[in-house]
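start-v7.cif (mmCIF, C-alpha atoms) appears below.
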```
data_my_file
#
loop_
_atom_site.group_PDB
_atom_site.id
_atom_site.type_symbol
_atom_site.label_atom_id
_atom_site.label_comp_id
_atom_site.auth_asym_id
_atom_site.auth_seq_id
_atom_site.Cartn_x
_atom_site.Cartn_y
_atom_site.Cartn_z
ATOM 1 C CA MET A 1 -156.373 -26.046 292.791
ATOM 2 C CA PRO A 2 -153.030 -24.989 294.310
ATOM 3 C CA THR A 3 -152.488 -21.358 295.263
ATOM 4 C CA TYR A 4 -149.548 -18.994 295.013
ATOM 5 C CA ALA A 5 -149.981 -16.257 297.613
ATOM 6 C CA VAL A 6 -147.908 -13.106 298.100
ATOM 7 C CA GLU A 7 -146.739 -12.728 301.704
ATOM 8 C CA GLN A 8 -144.291 -9.826 301.461
ATOM 9 C CA LEU A 9 -143.515 -6.955 299.083
ATOM 10 C CA ASP A 10 -140.196 -5.081 299.015
ATOM 11 C CA ALA A 11 -138.635 -2.319 296.939
ATOM 12 C CA VAL A 12 -135.403 -3.163 295.100
ATOM 13 C CA THR A 13 -132.862 -0.338 294.907
ATOM 14 C CA ILE A 14 -129.765 0.477 292.867
ATOM 15 C CA ALA A 15 -126.900 2.316 294.547
ATOM 16 C CA PRO A 16 -126.165 5.843 293.219
ATOM 17 C CA GLY A 17 -123.280 6.273 290.830
ATOM 18 C CA SER A 18 -124.293 3.476 288.446
ATOM 19 C CA PRO A 19 -124.242 3.745 284.635
ATOM 20 C CA LEU A 20 -128.069 3.707 284.753
ATOM 21 C CA ASP A 21 -128.424 6.727 287.069
ATOM 22 C CA GLY A 22 -131.511 8.779 286.205
ATOM 23 C CA MET A 23 -132.986 6.065 283.974
ATOM 24 C CA ASP A 24 -136.201 4.117 284.314
ATOM 25 C CA LEU A 25 -135.438 0.561 285.435
ATOM 26 C CA MET A 26 -137.111 -2.680 284.370
ATOM 27 C CA SER A 27 -136.498 -6.349 283.482
ATOM 28 C CA PRO A 28 -134.564 -7.262 286.674
ATOM 29 C CA PHE A 29 -133.108 -10.724 286.041
ATOM 30 C CA VAL A 30 -131.763 -11.853 289.421
ATOM 31 C CA TRP A 31 -130.060 -15.137 290.314
ATOM 32 C CA ALA A 32 -128.006 -16.576 293.187
ATOM 33 C CA GLU A 33 -124.294 -17.157 292.634
ATOM 34 C CA GLY A 34 -121.353 -17.625 294.965
ATOM 35 C CA GLY A 35 -123.217 -16.606 298.099
ATOM 36 C CA ARG A 36 -124.428 -13.384 296.511
ATOM 37 C CA TYR A 37 -127.251 -12.197 294.302
ATOM 38 C CA ARG A 38 -126.379 -11.202 290.739
ATOM 39 C CA ILE A 39 -128.487 -9.036 288.459
ATOM 40 C CA LEU A 40 -128.834 -7.962 284.856
ATOM 41 C CA VAL A 41 -131.201 -5.010 284.547
ATOM 42 C CA ARG A 42 -132.433 -2.787 281.730
ATOM 43 C CA GLY A 43 -132.206 0.988 281.926
ATOM 44 C CA VAL A 44 -134.162 3.361 279.677
ATOM 45 C CA PRO A 45 -133.412 7.093 279.400
ATOM 46 C CA ASP A 46 -136.143 9.274 280.915
ATOM 47 C CA PRO A 47 -137.380 11.011 278.898
ATOM 48 C CA LEU A 48 -136.612 8.802 275.892
ATOM 49 C CA GLY A 49 -135.293 10.969 273.091
ATOM 50 C CA PRO A 50 -135.630 10.140 269.379
ATOM 51 C CA HIS A 51 -132.016 8.962 269.182
ATOM 52 C CA ASP A 52 -131.721 7.333 272.617
ATOM 53 C CA PRO A 53 -131.446 3.548 272.921
ATOM 54 C CA THR A 54 -134.608 1.779 274.089
ATOM 55 C CA GLY A 55 -132.461 -0.100 276.571
ATOM 56 C CA LEU A 56 -128.997 -0.591 278.049
ATOM 57 C CA ILE A 57 -128.261 -3.742 280.076
ATOM 58 C CA ALA A 58 -126.078 -3.437 283.175
ATOM 59 C CA SER A 59 -124.815 -6.087 285.604
ATOM 60 C CA GLY A 60 -124.431 -5.924 289.364
ATOM 61 C CA TRP A 61 -124.528 -7.691 292.713
ATOM 62 C CA SER A 62 -126.165 -7.638 296.157
ATOM 63 C CA ASP A 63 -125.670 -9.327 299.514
ATOM 64 C CA ASP A 64 -129.355 -9.250 300.510
ATOM 65 C CA GLY A 65 -131.271 -9.428 297.212
ATOM 66 C CA LEU A 66 -132.766 -5.955 297.669
ATOM 67 C CA HIS A 67 -129.921 -3.412 297.526
ATOM 68 C CA PHE A 68 -127.794 -3.768 294.380
ATOM 69 C CA THR A 69 -124.561 -2.144 293.226
ATOM 70 C CA LEU A 70 -124.038 -2.046 289.471
ATOM 71 C CA ASP A 71 -120.762 -2.522 287.639
ATOM 72 C CA GLN A 72 -119.448 0.628 285.964
ATOM 73 C CA THR A 73 -119.295 -0.893 282.475
ATOM 74 C CA ILE A 74 -122.479 -1.656 280.524
ATOM 75 C CA ALA A 75 -122.773 -5.427 280.024
ATOM 76 C CA ILE A 76 -124.725 -5.283 276.740
ATOM 77 C CA GLY A 77 -125.176 -2.137 274.674
ATOM 78 C CA PRO A 78 -126.553 -1.322 271.213
ATOM 79 C CA GLY A 79 -124.587 -2.163 268.087
ATOM 80 C CA SER A 80 -122.566 0.673 266.567
ATOM 81 C CA ASP A 81 -123.623 -0.049 262.965
ATOM 82 C CA PRO A 82 -127.136 1.213 262.061
ATOM 83 C CA ALA A 83 -127.652 -2.101 260.261
ATOM 84 C CA ASP A 84 -127.109 -4.086 263.480
ATOM 85 C CA ALA A 85 -130.175 -5.908 264.770
ATOM 86 C CA ASP A 86 -129.736 -4.215 268.165
ATOM 87 C CA ALA A 87 -128.707 -0.744 266.968
ATOM 88 C CA GLY A 88 -131.836 0.753 268.546
ATOM 89 C CA GLY A 89 -131.510 -0.825 271.979
ATOM 90 C CA CYS A 90 -130.976 -3.898 274.131
ATOM 91 C CA GLU A 91 -133.801 -5.153 276.363
ATOM 92 C CA ASP A 92 -135.113 -8.006 278.555
ATOM 93 C CA PRO A 93 -132.026 -10.016 279.622
ATOM 94 C CA THR A 94 -132.330 -13.684 280.637
ATOM 95 C CA VAL A 95 -129.340 -15.675 281.938
ATOM 96 C CA VAL A 96 -128.569 -19.390 281.815
ATOM 97 C CA THR A 97 -125.243 -21.201 282.255
ATOM 98 C CA ASP A 98 -123.958 -23.725 279.715
ATOM 99 C CA ALA A 99 -122.016 -26.946 280.287
ATOM 100 C CA ASP A 100 -118.714 -25.020 280.188
ATOM 101 C CA GLY A 101 -119.835 -22.695 282.961
ATOM 102 C CA HIS A 102 -120.161 -19.739 280.596
ATOM 103 C CA TYR A 103 -122.997 -17.247 280.770
ATOM 104 C CA VAL A 104 -125.551 -17.487 277.975
ATOM 105 C CA VAL A 105 -127.613 -14.297 277.877
ATOM 106 C CA TYR A 106 -130.740 -14.031 275.768
ATOM 107 C CA TYR A 107 -131.881 -10.471 275.123
ATOM 108 C CA THR A 108 -134.109 -8.470 272.803
ATOM 109 C CA GLY A 109 -132.369 -6.464 270.110
ATOM 110 C CA VAL A 110 -134.297 -3.499 268.695
ATOM 111 C CA ASP A 111 -133.442 -2.195 265.222
ATOM 112 C CA ALA A 112 -132.385 1.385 264.546
ATOM 113 C CA ALA A 113 -135.888 2.357 263.414
ATOM 114 C CA ARG A 114 -137.435 0.884 266.600
ATOM 115 C CA ALA A 115 -139.736 -1.087 264.298
ATOM 116 C CA GLN A 116 -138.713 -4.668 265.038
ATOM 117 C CA GLY A 117 -137.325 -6.747 267.892
ATOM 118 C CA VAL A 118 -135.433 -10.015 267.586
ATOM 119 C CA MET A 119 -134.011 -12.489 270.096
ATOM 120 C CA ILE A 120 -130.207 -12.380 270.303
ATOM 121 C CA VAL A 121 -127.790 -14.455 272.378
ATOM 122 C CA ALA A 122 -124.520 -13.278 273.919
ATOM 123 C CA THR A 123 -122.053 -15.572 275.694
ATOM 124 C CA GLY A 124 -118.933 -15.216 277.783
ATOM 125 C CA PRO A 125 -116.964 -16.407 280.831
ATOM 126 C CA SER A 126 -118.015 -13.310 282.799
ATOM 127 C CA LEU A 127 -120.622 -10.559 282.523
ATOM 128 C CA ASP A 128 -117.970 -8.029 281.463
ATOM 129 C CA ARG A 129 -116.724 -10.290 278.660
ATOM 130 C CA LEU A 130 -119.921 -11.102 276.767
ATOM 131 C CA THR A 131 -119.744 -11.566 272.997
ATOM 132 C CA LYS A 132 -122.825 -11.249 270.835
ATOM 133 C CA GLN A 133 -123.239 -14.498 268.896
ATOM 134 C CA ARG A 134 -126.293 -14.594 266.650
ATOM 135 C CA ILE A 135 -129.991 -13.929 266.220
ATOM 136 C CA VAL A 136 -131.839 -16.789 267.903
ATOM 137 C CA LEU A 137 -135.382 -16.028 266.772
ATOM 138 C CA ALA A 138 -136.828 -13.469 264.365
ATOM 139 C CA ALA A 139 -140.490 -12.939 263.557
ATOM 140 C CA PRO A 140 -142.023 -14.496 260.435
ATOM 141 C CA PRO A 141 -143.884 -12.223 257.987
ATOM 142 C CA GLY A 142 -146.951 -10.613 259.582
ATOM 143 C CA GLU A 143 -145.682 -10.992 263.134
ATOM 144 C CA GLY A 144 -143.232 -8.939 265.113
ATOM 145 C CA ASN A 145 -141.188 -8.100 268.176
ATOM 146 C CA ILE A 146 -139.753 -11.371 269.463
ATOM 147 C CA LYS A 147 -138.800 -10.632 273.074
ATOM 148 C CA GLU A 148 -138.869 -11.645 276.774
ATOM 149 C CA ALA A 149 -137.029 -15.010 276.735
ATOM 150 C CA THR A 150 -137.550 -17.687 279.388
ATOM 151 C CA VAL A 151 -135.243 -20.706 278.983
ATOM 152 C CA VAL A 152 -135.764 -24.011 280.830
ATOM 153 C CA GLN A 153 -134.482 -27.579 280.610
ATOM 154 C CA THR A 154 -136.803 -30.601 280.728
ATOM 155 C CA PRO A 155 -136.102 -33.766 282.803
ATOM 156 C CA SER A 156 -135.031 -35.548 279.603
ATOM 157 C CA GLY A 157 -132.293 -32.959 279.004
ATOM 158 C CA ASP A 158 -133.697 -30.996 276.064
ATOM 159 C CA TRP A 159 -134.578 -27.300 276.225
ATOM 160 C CA ARG A 160 -137.580 -24.986 275.842
ATOM 161 C CA LEU A 161 -137.534 -21.298 274.986
ATOM 162 C CA PHE A 162 -140.669 -19.313 275.828
ATOM 163 C CA TYR A 163 -140.972 -15.876 274.246
ATOM 164 C CA GLU A 164 -143.388 -13.044 273.547
ATOM 165 C CA TYR A 165 -144.376 -12.118 270.012
ATOM 166 C CA ALA A 166 -146.851 -9.766 268.330
ATOM 167 C CA ALA A 167 -149.480 -11.938 266.655
ATOM 168 C CA ALA A 168 -150.588 -11.310 263.092
ATOM 169 C CA GLU A 169 -154.060 -9.936 262.486
ATOM 170 C CA GLU A 170 -155.929 -8.463 259.538
ATOM 171 C CA GLY A 171 -154.414 -5.085 258.739
ATOM 172 C CA GLY A 172 -151.171 -5.588 260.631
ATOM 173 C CA VAL A 173 -149.506 -6.831 263.801
ATOM 174 C CA GLY A 174 -151.870 -7.210 266.736
ATOM 175 C CA ALA A 175 -151.819 -8.312 270.355
ATOM 176 C CA SER A 176 -148.946 -9.953 272.223
ATOM 177 C CA ARG A 177 -148.916 -13.727 272.650
ATOM 178 C CA VAL A 178 -146.596 -16.324 274.225
ATOM 179 C CA GLY A 179 -144.764 -18.720 271.918
ATOM 180 C CA ILE A 180 -142.513 -21.676 272.648
ATOM 181 C CA ALA A 181 -139.590 -23.293 270.807
ATOM 182 C CA ALA A 182 -137.592 -26.461 271.425
ATOM 183 C CA ALA A 183 -133.953 -27.512 271.026
ATOM 184 C CA SER A 184 -132.089 -30.710 271.888
ATOM 185 C CA ARG A 185 -129.105 -28.762 273.239
ATOM 186 C CA LEU A 186 -128.764 -25.240 274.512
ATOM 187 C CA HIS A 187 -126.743 -23.932 271.564
ATOM 188 C CA ASP A 188 -128.795 -25.724 268.869
ATOM 189 C CA ARG A 189 -131.226 -23.911 266.588
ATOM 190 C CA TRP A 190 -134.659 -23.430 268.115
ATOM 191 C CA GLN A 191 -137.746 -24.921 266.430
ATOM 192 C CA SER A 192 -141.071 -23.205 267.142
ATOM 193 C CA LEU A 193 -143.963 -25.278 268.521
ATOM 194 C CA ALA A 194 -147.671 -24.578 268.988
ATOM 195 C CA ASP A 195 -148.423 -21.760 271.437
ATOM 196 C CA PRO A 196 -148.484 -23.111 275.010
ATOM 197 C CA PHE A 197 -151.589 -21.274 276.287
ATOM 198 C CA PRO A 198 -154.225 -18.788 275.046
ATOM 199 C CA ILE A 199 -155.841 -15.589 276.279
ATOM 200 C CA ARG A 200 -159.061 -15.920 278.314
ATOM 201 C CA ALA A 201 -162.192 -14.041 277.252
ATOM 202 C CA GLY A 202 -163.675 -11.919 279.998
ATOM 203 C CA ALA A 203 -160.624 -12.206 282.255
ATOM 204 C CA TRP A 204 -157.780 -9.892 283.240
ATOM 205 C CA ASP A 205 -155.586 -11.535 280.563
ATOM 206 C CA ASN A 206 -158.085 -11.325 277.698
ATOM 207 C CA TRP A 207 -155.944 -9.449 275.157
ATOM 208 C CA HIS A 208 -152.172 -9.546 275.723
ATOM 209 C CA LEU A 209 -149.880 -12.287 277.030
ATOM 210 C CA SER A 210 -146.160 -12.100 277.727
ATOM 211 C CA THR A 211 -143.601 -14.548 279.018
ATOM 212 C CA GLY A 212 -142.534 -14.630 282.651
ATOM 213 C CA PRO A 213 -139.996 -16.601 284.705
ATOM 214 C CA ILE A 214 -140.406 -20.323 285.454
ATOM 215 C CA CYS A 215 -139.469 -22.088 288.681
ATOM 216 C CA GLN A 216 -140.379 -25.334 290.470
ATOM 217 C CA LEU A 217 -140.841 -26.044 294.149
ATOM 218 C CA PRO A 218 -140.484 -29.597 295.522
ATOM 219 C CA GLY A 219 -143.691 -31.558 294.906
ATOM 220 C CA ALA A 220 -145.130 -28.921 292.567
ATOM 221 C CA ASP A 221 -145.363 -28.610 288.792
ATOM 222 C CA PRO A 222 -143.170 -26.047 287.024
ATOM 223 C CA VAL A 223 -144.899 -22.671 287.300
ATOM 224 C CA MET A 224 -144.572 -19.576 285.143
ATOM 225 C CA PHE A 225 -145.399 -16.168 286.575
ATOM 226 C CA TYR A 226 -146.618 -14.735 283.307
ATOM 227 C CA ASN A 227 -147.754 -11.268 282.297
ATOM 228 C CA GLY A 228 -151.233 -10.594 280.950
ATOM 229 C CA ALA A 229 -153.232 -7.523 280.003
ATOM 230 C CA THR A 230 -156.524 -6.151 278.736
ATOM 231 C CA VAL A 231 -156.911 -4.302 275.430
ATOM 232 C CA ASP A 232 -155.935 -1.027 277.137
ATOM 233 C CA ALA A 233 -152.626 -2.611 278.205
ATOM 234 C CA ARG A 234 -153.173 -2.765 281.962
ATOM 235 C CA TRP A 235 -150.598 -5.441 282.748
ATOM 236 C CA ARG A 236 -150.798 -7.783 285.746
ATOM 237 C CA ILE A 237 -148.864 -10.873 286.857
ATOM 238 C CA GLY A 238 -150.537 -14.288 287.079
ATOM 239 C CA TRP A 239 -149.445 -17.918 287.278
ATOM 240 C CA ILE A 240 -149.760 -20.980 285.070
ATOM 241 C CA SER A 241 -148.270 -24.449 285.676
ATOM 242 C CA PHE A 242 -147.100 -27.121 283.249
ATOM 243 C CA SER A 243 -146.256 -30.791 283.065
ATOM 244 C CA ALA A 244 -142.541 -31.537 283.419
ATOM 245 C CA ASP A 245 -142.035 -31.645 279.643
ATOM 246 C CA TYR A 246 -144.073 -28.460 279.093
ATOM 247 C CA THR A 247 -146.561 -30.188 276.778
ATOM 248 C CA GLU A 248 -149.637 -29.659 278.984
ATOM 249 C CA VAL A 249 -151.062 -26.923 281.197
ATOM 250 C CA THR A 250 -151.838 -28.348 284.651
ATOM 251 C CA GLY A 251 -153.207 -25.253 286.401
ATOM 252 C CA ARG A 252 -153.847 -21.544 285.971
ATOM 253 C CA GLY A 253 -154.788 -18.910 288.526
ATOM 254 C CA LEU A 254 -158.134 -17.167 288.104
ATOM 255 C CA GLU A 255 -156.925 -13.818 289.422
ATOM 256 C CA PRO A 256 -153.604 -11.970 289.229
ATOM 257 C CA VAL A 257 -150.918 -12.773 291.782
ATOM 258 C CA ILE A 258 -149.702 -9.163 291.677
ATOM 259 C CA LEU A 259 -151.996 -6.230 290.947
ATOM 260 C CA PRO A 260 -150.101 -2.930 290.728
ATOM 261 C CA PRO A 261 -151.117 -0.003 292.911
ATOM 262 C CA PRO A 262 -152.294 3.199 291.175
ATOM 263 C CA PRO A 263 -149.317 4.731 289.340
ATOM 264 C CA VAL A 264 -147.398 7.293 291.386
ATOM 265 C CA ASP A 265 -146.691 9.184 288.177
ATOM 266 C CA ARG A 266 -149.876 9.404 286.105
ATOM 267 C CA SER A 267 -147.810 9.768 282.932
ATOM 268 C CA LYS A 268 -146.404 6.272 283.509
ATOM 269 C CA THR A 269 -147.859 2.941 282.434
ATOM 270 C CA ASP A 270 -150.296 0.964 284.617
ATOM 271 C CA ILE A 271 -148.170 -2.151 284.622
ATOM 272 C CA ALA A 272 -146.668 -4.856 286.806
ATOM 273 C CA PHE A 273 -144.270 -7.075 284.845
ATOM 274 C CA ALA A 274 -142.485 -10.215 286.095
ATOM 275 C CA ALA A 275 -138.838 -10.843 285.185
ATOM 276 C CA SER A 276 -137.150 -13.527 287.334
ATOM 277 C CA THR A 277 -137.489 -15.863 290.314
ATOM 278 C CA ILE A 278 -135.283 -17.429 292.976
ATOM 279 C CA ILE A 279 -136.376 -20.247 295.305
ATOM 280 C CA GLU A 280 -135.108 -19.670 298.848
ATOM 281 C CA ASP A 281 -136.303 -20.795 302.292
ATOM 282 C CA GLY A 282 -139.124 -22.789 300.737
ATOM 283 C CA MET A 283 -140.614 -19.707 299.082
ATOM 284 C CA ILE A 284 -140.383 -17.966 295.737
ATOM 285 C CA SER A 285 -138.744 -14.558 295.412
ATOM 286 C CA LEU A 286 -140.298 -12.943 292.331
ATOM 287 C CA TYR A 287 -138.533 -9.904 290.868
ATOM 288 C CA TYR A 288 -140.653 -7.532 288.814
ATOM 289 C CA SER A 289 -141.059 -3.906 287.754
ATOM 290 C CA LEU A 290 -143.843 -1.366 288.267
ATOM 291 C CA GLU A 291 -144.753 1.418 285.816
ATOM 292 C CA ASP A 292 -141.764 0.387 283.622
ATOM 293 C CA ARG A 293 -139.818 2.483 286.124
ATOM 294 C CA THR A 294 -139.093 0.897 289.516
ATOM 295 C CA LEU A 295 -137.914 -2.538 290.700
ATOM 296 C CA HIS A 296 -139.590 -4.745 293.319
ATOM 297 C CA ARG A 297 -139.549 -8.199 294.904
ATOM 298 C CA ALA A 298 -142.512 -10.311 296.062
ATOM 299 C CA ARG A 299 -142.116 -13.238 298.445
ATOM 300 C CA ILE A 300 -144.613 -15.911 297.374
ATOM 301 C CA ARG A 301 -145.706 -19.045 299.201
ATOM 302 C CA TYR A 302 -147.126 -22.142 297.498
ATOM 303 C CA TYR A 303 -150.163 -23.844 299.019
ATOM 304 C CA ALA A 304 -150.920 -27.300 297.596
#
```

Would you encode the structure as C-alpha cells?
Amino acid sequence: MPTYAVEQLDAVTIAPGSPLDGMDLMSPFVWAEGGRYRILVRGVPDPLGPHDPTGLIASGWSDDGLHFTLDQTIAIGPGSDPADADAGGCEDPTVVTDADGHYVVYYTGVDAARAQGVMIVATGPSLDRLTKQRIVLAAPPGEGNIKEATVVQTPSGDWRLFYEYAAAEEGGVGASRVGIAAASRLHDRWQSLADPFPIRAGAWDNWHLSTGPICQLPGADPVMFYNGATVDARWRIGWISFSADYTEVTGRGLEPVILPPPPVDRSKTDIAFAASTIIEDGMISLYYSLEDRTLHRARIRYYA
C-alpha cells in the first residue's frame, strides 16, 4: 500500500491588525495564485457569546505560505435578516474557479438559532466582490448540518461535491458522515449519490467522518486527507484514495497522518482538522487547524 508521510510541520500566522484579531482561527483554505498564496479563513469570537456569529470569513495573501496578511474587509459575513440561512454565521470556505475566471466559494451557512447548517455558494470576480447566490445543499428530514465542501472535477469533465452531514439515527441526528453529490457542470444542481466510504469499527475513525481536501500527485490516485473521530470527538487526519471518477476507494491509511499534540489550552477541543492542500516541489502542503484555534501546515511526501 502507498504511504503518505509527514516530513515537516510549521505554524501558520496571521499578521496583527486583521479583522479577525483576537478570534480563534480555523478552516484555512489556501491556494496558489499569481505567484502568491491566497487564503480564505474562518474566525470565531473567543469566547463565543450568545449573539456572536459562529464564523466570519476573511481573505488574505502570503509570499511564503506561512505568514499571511488579511484584507481589512470581511469577504463573507452573516446575513442581516434573521430569516437568512447564514444569519448565525459563515463557516468552512472552499474555493474553485469557473470557466469565466470567477471565484466560486462554497461555505456553510448557519441559521440564526444555530440549529442547522446548509451549503451556500457565493461568486464574484474578486474576493472583495462576492455575491451570495443560492443554497446548494440542505439536509433532508432527520439529517442535519451540511458543511465542509470539497469540490473536484473528474477526467470526463463532470463534477463531484463531497460534504459532511449529520446522519439520522433513532431519536434524532447522530454522528457525522461524508456524503457525495454529482453535477455535469459546476453551476448545475447537485444530485446526491451513495456515501463514498464508511466508518471503521475499532479504528480511530469509528464514529465521525468529515470531508477533507483532495489532491493528486503524478502517478498516484486522487487522495483525500479526511477527518475522522471516535465517539468522544477526538479528531485526527487520515487519507483515503479514489479511482479517477471517484466511484471506488483504492486505498486507505490504517493510522492517522496527523495526530494532534495534547491541547495547550485544556478547555479547547482535542482536534486536528484538514482544510486544503497545495502540490509544490513534488510534495503536498496540507493546511489544517489544531484545537479549533490555531493554523498549521504539514509537508507530506508520497511513497508508492

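Computed from the coordinates, the CA of Tyr163 (chain A) to CA of Ala304 (chain A) distance equals 27.8 Å.
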
Starting from 5 Å padding per side, set up an axis-aligned box that covers all listed atoms of region 98-115 of chain A and hand over centre and edge lengths in Å, one decimal, as AutoDock Vina command-line options.
```
--center_x -129.2 --center_y -12.3 --center_z 273.2 --size_x 31.0 --size_y 39.3 --size_z 29.5
```

**Request:** Go through the shown structure with the PyMOL selection byres ((chain A and resi 134) around 7) and write out the matching residues as a PyMOL selection string.
**Result:** chain A and resi 120-121+132-133+135-136

**Message:** What does the structure give for the distance between CA of Arg252 (chain A) and CA of Val95 (chain A), in Å to one decimal?
**Reply:** 25.5 Å

Would you kindly return, as a tab-separated table (two decimals) with C-alpha atoms, in the coordinates of the input, each protein, DNA or RNA residue with an atom no farther than 8 Å from any atom of region 297-299 of chain A, considering all atoms listed in the file and excluding same-chain residues fewer than 2 positions away?
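Printed below is part.tsv as written:
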```
chain	number	residue	atom	x	y	z
A	6	VAL	CA	-147.91	-13.11	298.10
A	7	GLU	CA	-146.74	-12.73	301.70
A	8	GLN	CA	-144.29	-9.83	301.46
A	9	LEU	CA	-143.51	-6.96	299.08
A	10	ASP	CA	-140.20	-5.08	299.02
A	11	ALA	CA	-138.64	-2.32	296.94
A	12	VAL	CA	-135.40	-3.16	295.10
A	66	LEU	CA	-132.77	-5.96	297.67
A	283	MET	CA	-140.61	-19.71	299.08
A	284	ILE	CA	-140.38	-17.97	295.74
A	285	SER	CA	-138.74	-14.56	295.41
A	286	LEU	CA	-140.30	-12.94	292.33
A	287	TYR	CA	-138.53	-9.90	290.87
A	288	TYR	CA	-140.65	-7.53	288.81
A	295	LEU	CA	-137.91	-2.54	290.70
A	301	ARG	CA	-145.71	-19.05	299.20
```

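By all atoms listed in the file, and with residues fewer than 2 positions from Pro222 (chain A) along its chain excluded, the set lying at most 9 Å from it is Ile214, Cys215, Gln216, Leu217, Ala220, Met224, Ile240, Ser241, Phe242, Ser243, Ala244 and Tyr246 of chain A.
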
**Message:** Given all atoms listed in the file as the basis, pick out the residue of A:Asp188, A:Asp205, A:Asp71, A:Asp100 nearest to Leu254 (chain A).
**Reply:** A:Asp205

**Prompt:** Can you list, as a ChimeraX atom specification, every protein, DNA or RNA residue that comes within 9 Å of Thr211 (chain A) when you count all atoms listed in the file, leaving out same-chain residues fewer than 4 positions away?
**Reply:** /A:147-150,162-164,177-179,224-228,274-275

Counting all atoms listed in the file, select every polymer residue within 9 Å of (-120.0, -13.4, 275.1) as defined in the file's coordinates, and provide the selection as a short mmCIF file (atom, residue, chain, number, x, y, z; two decimals) with C-alpha atoms, keeping the file's coordinate frame.
```cif
data_model
loop_
_atom_site.label_atom_id
_atom_site.label_comp_id
_atom_site.auth_asym_id
_atom_site.auth_seq_id
_atom_site.Cartn_x
_atom_site.Cartn_y
_atom_site.Cartn_z
CA HIS A 102 -120.16 -19.74 280.60
CA TYR A 103 -123.00 -17.25 280.77
CA VAL A 104 -125.55 -17.49 277.98
CA VAL A 105 -127.61 -14.30 277.88
CA VAL A 121 -127.79 -14.46 272.38
CA ALA A 122 -124.52 -13.28 273.92
CA THR A 123 -122.05 -15.57 275.69
CA GLY A 124 -118.93 -15.22 277.78
CA PRO A 125 -116.96 -16.41 280.83
CA SER A 126 -118.02 -13.31 282.80
CA LEU A 127 -120.62 -10.56 282.52
CA ASP A 128 -117.97 -8.03 281.46
CA ARG A 129 -116.72 -10.29 278.66
CA LEU A 130 -119.92 -11.10 276.77
CA THR A 131 -119.74 -11.57 273.00
CA LYS A 132 -122.82 -11.25 270.83
CA GLN A 133 -123.24 -14.50 268.90
#
```
